[in-house]
Amino acid sequence: MPPQAQGRSVTAGPPAAGSAATGPHGPRDAGAGDAAADGPLSGSGEPAGPASGSGAAQGPEEALTGRQRLVKGVWPPRLTRAQLIVALLLFGLGLGLAIQVRSTNENSVLRGARQEDLVRILDELDSRTQRLQDEKRRLENQRTELENSSDQAEEARKQTLQKEQQLGVLAGTVAAQGPGITITIDDSHGSVESDMLLDTVQELRAAGAEAIQIGDVRVVAGTYFSDSGGAIQVDGRKVTRPYVVKVIGKPEDLEPALNIPGGVVQSLEKEQATVSVRREKKIVVDALRSAKRPDYARSSSR
């Protein structure tokens with residue numbers, strides 16, 4: 001055995017950390033080798049390479065302004081499916097509320113009405129209620145008279161005649177007279193159409209009109225209005241301008257019904273027509289309709 005091998009054992013393995021490694025050019029420190037593996041050394045012993053620090057890391061971002069970075073972070077939006085569904089539901093809810101509010105504002109004609117106009121409308125409603133109550137009492141009195149009369153047949157005949165006269169007025173088969181109003185519609189521009197006269201008749205009926213005549217035509221339940229060649233026809237008969245409407249009823253109810261905000265008078269004036277309403281103590285409605293016997297309808301009373 002060689003002398004230098006005595007007292008020592010030789011083991012194979014990697015060199016210990018920090019020990020010098022032998023290479024082709026002589027001993028080499030491990031730290032230096034690592035540094036060399038990382039890159040060339042600078043003059044101060046630091047690895048030479050790209051500049052380190054915040055300046056190098058923030059270089060590309062410094063080219064963007066604050067507004068550009070904000071836009072880059074916000075757009076394009078990154079929405080999840082749940083956020084998209086919630087956004088659609090909120091949009092639908094807001095659209096529905098907007099439509100509801102707009103519809104309410106358009107349909108509420110009385111929203112901007114003056115206090116005296118509202119009081120007048122309430123008075124008209126009270127008058128209608130009073131008329132219905134009077135009619136109820138009248139019918140109850142007729143029933144009582146029939147029950148208490150000694151000659152029920154004669155009483156029934158009298159009431160039948162009265163009823164015939166009332167139905168004749170409504171059907172237009174008999175002339176009628178009484179207090180009411182006269183409406184004159186001067187349509188020099190020819191802008192008034194048949195549906196406007198129909199609205200006038202409907203408003204008068206709702207206010208308690210009992211007999212209506214337009215020109216020489218008696219207005220009844222089956223009356224119709226039409227436009228033909230620039231003229232208005234009532235039940236197929238032409239009525240000329242100015243249109244004169246005679247109405248029998250309570251003037252205190254009829255006139256306010258036409259002058260309510262958004263009512264007949266305002267609608268006609270929007271069409272550049274001139275409307276005048278005159279109360280009279282006696283109105284004569286003498287245009288008559290022939291009584292037509294129904295072809296199929298028969299009374300169901302026994």
# chains A, B, ... in the order shown; residues from 1 in each chain; ligands from 1
>>> residues_around(residues="A:Ile248", least_positions_apart="6", cutoff="10 Å", atoms="only C-alpha atoms", output="ChimeraX atom specification")
/A:176-182,204,208-213,254,280-285
>>> select_by_dssp(residues="stretch 84-208 of chain A", states="helix (DSSP H, G or I)", output="count of residues only")
95
>>> closest_residue(among="A:Glu271, A:Asp286, A:Asp186, A:Asp253", to="A:Leu122", atoms="only C-alpha atoms")
A:Asp253
>>> select_by_dssp(residues="stretch 40-273 of chain A", states="strand (DSSP E or B)", output="PyMOL selection string")
chain A and resi 41+47+176-186+211-214+217-219+225-228+231-234+237-239+243-248
>>> residues_around(residues="A:Ser267", least_positions_apart="5", cutoff="10 Å", atoms="only C-alpha atoms", output="short mmCIF file (atom, residue, chain, number, x, y, z; two decimals) with C-alpha atoms, in the first residue's frame")
data_model
loop_
_atom_site.label_atom_id
_atom_site.label_comp_id
_atom_site.auth_asym_id
_atom_site.auth_seq_id
_atom_site.Cartn_x
_atom_site.Cartn_y
_atom_site.Cartn_z
CA VAL A 192 -114.30 68.34 -36.79
CA MET A 196 -115.92 64.08 -32.06
CA ASP A 199 -117.89 61.81 -28.01
CA THR A 200 -120.12 64.83 -27.40
CA LEU A 258 -118.74 69.52 -21.38
CA ASN A 259 -116.28 71.96 -19.80
CA PRO A 261 -110.45 69.62 -18.28
CA GLY A 262 -109.71 67.49 -21.31
CA GLN A 272 -109.74 75.15 -34.10
CA ALA A 273 -113.52 74.90 -33.73
#
>>> residues_around(residues="stretch 289-297 of chain A", least_positions_apart="3", cutoff="8 Å", atoms="only C-alpha atoms", output="PyMOL selection string")
chain A and resi 171-174+218
>>> closest_residue(among="A:Leu70, A:Asp195, A:Leu268, A:Glu140", to="A:Val234", atoms="only C-alpha atoms")
A:Asp195
>>> atom_distance(atom1="atom CA of A:Arg298", atom2="atom CA of A:Thr144")
28.8 Å
>>> atom_distance(atom1="atom CA of A:Phe225", atom2="atom CA of A:Lys238")
9.8 Å
>>> atom_distance(atom1="atom CA of A:Gly263", atom2="atom CA of A:Val277")
13.5 Å
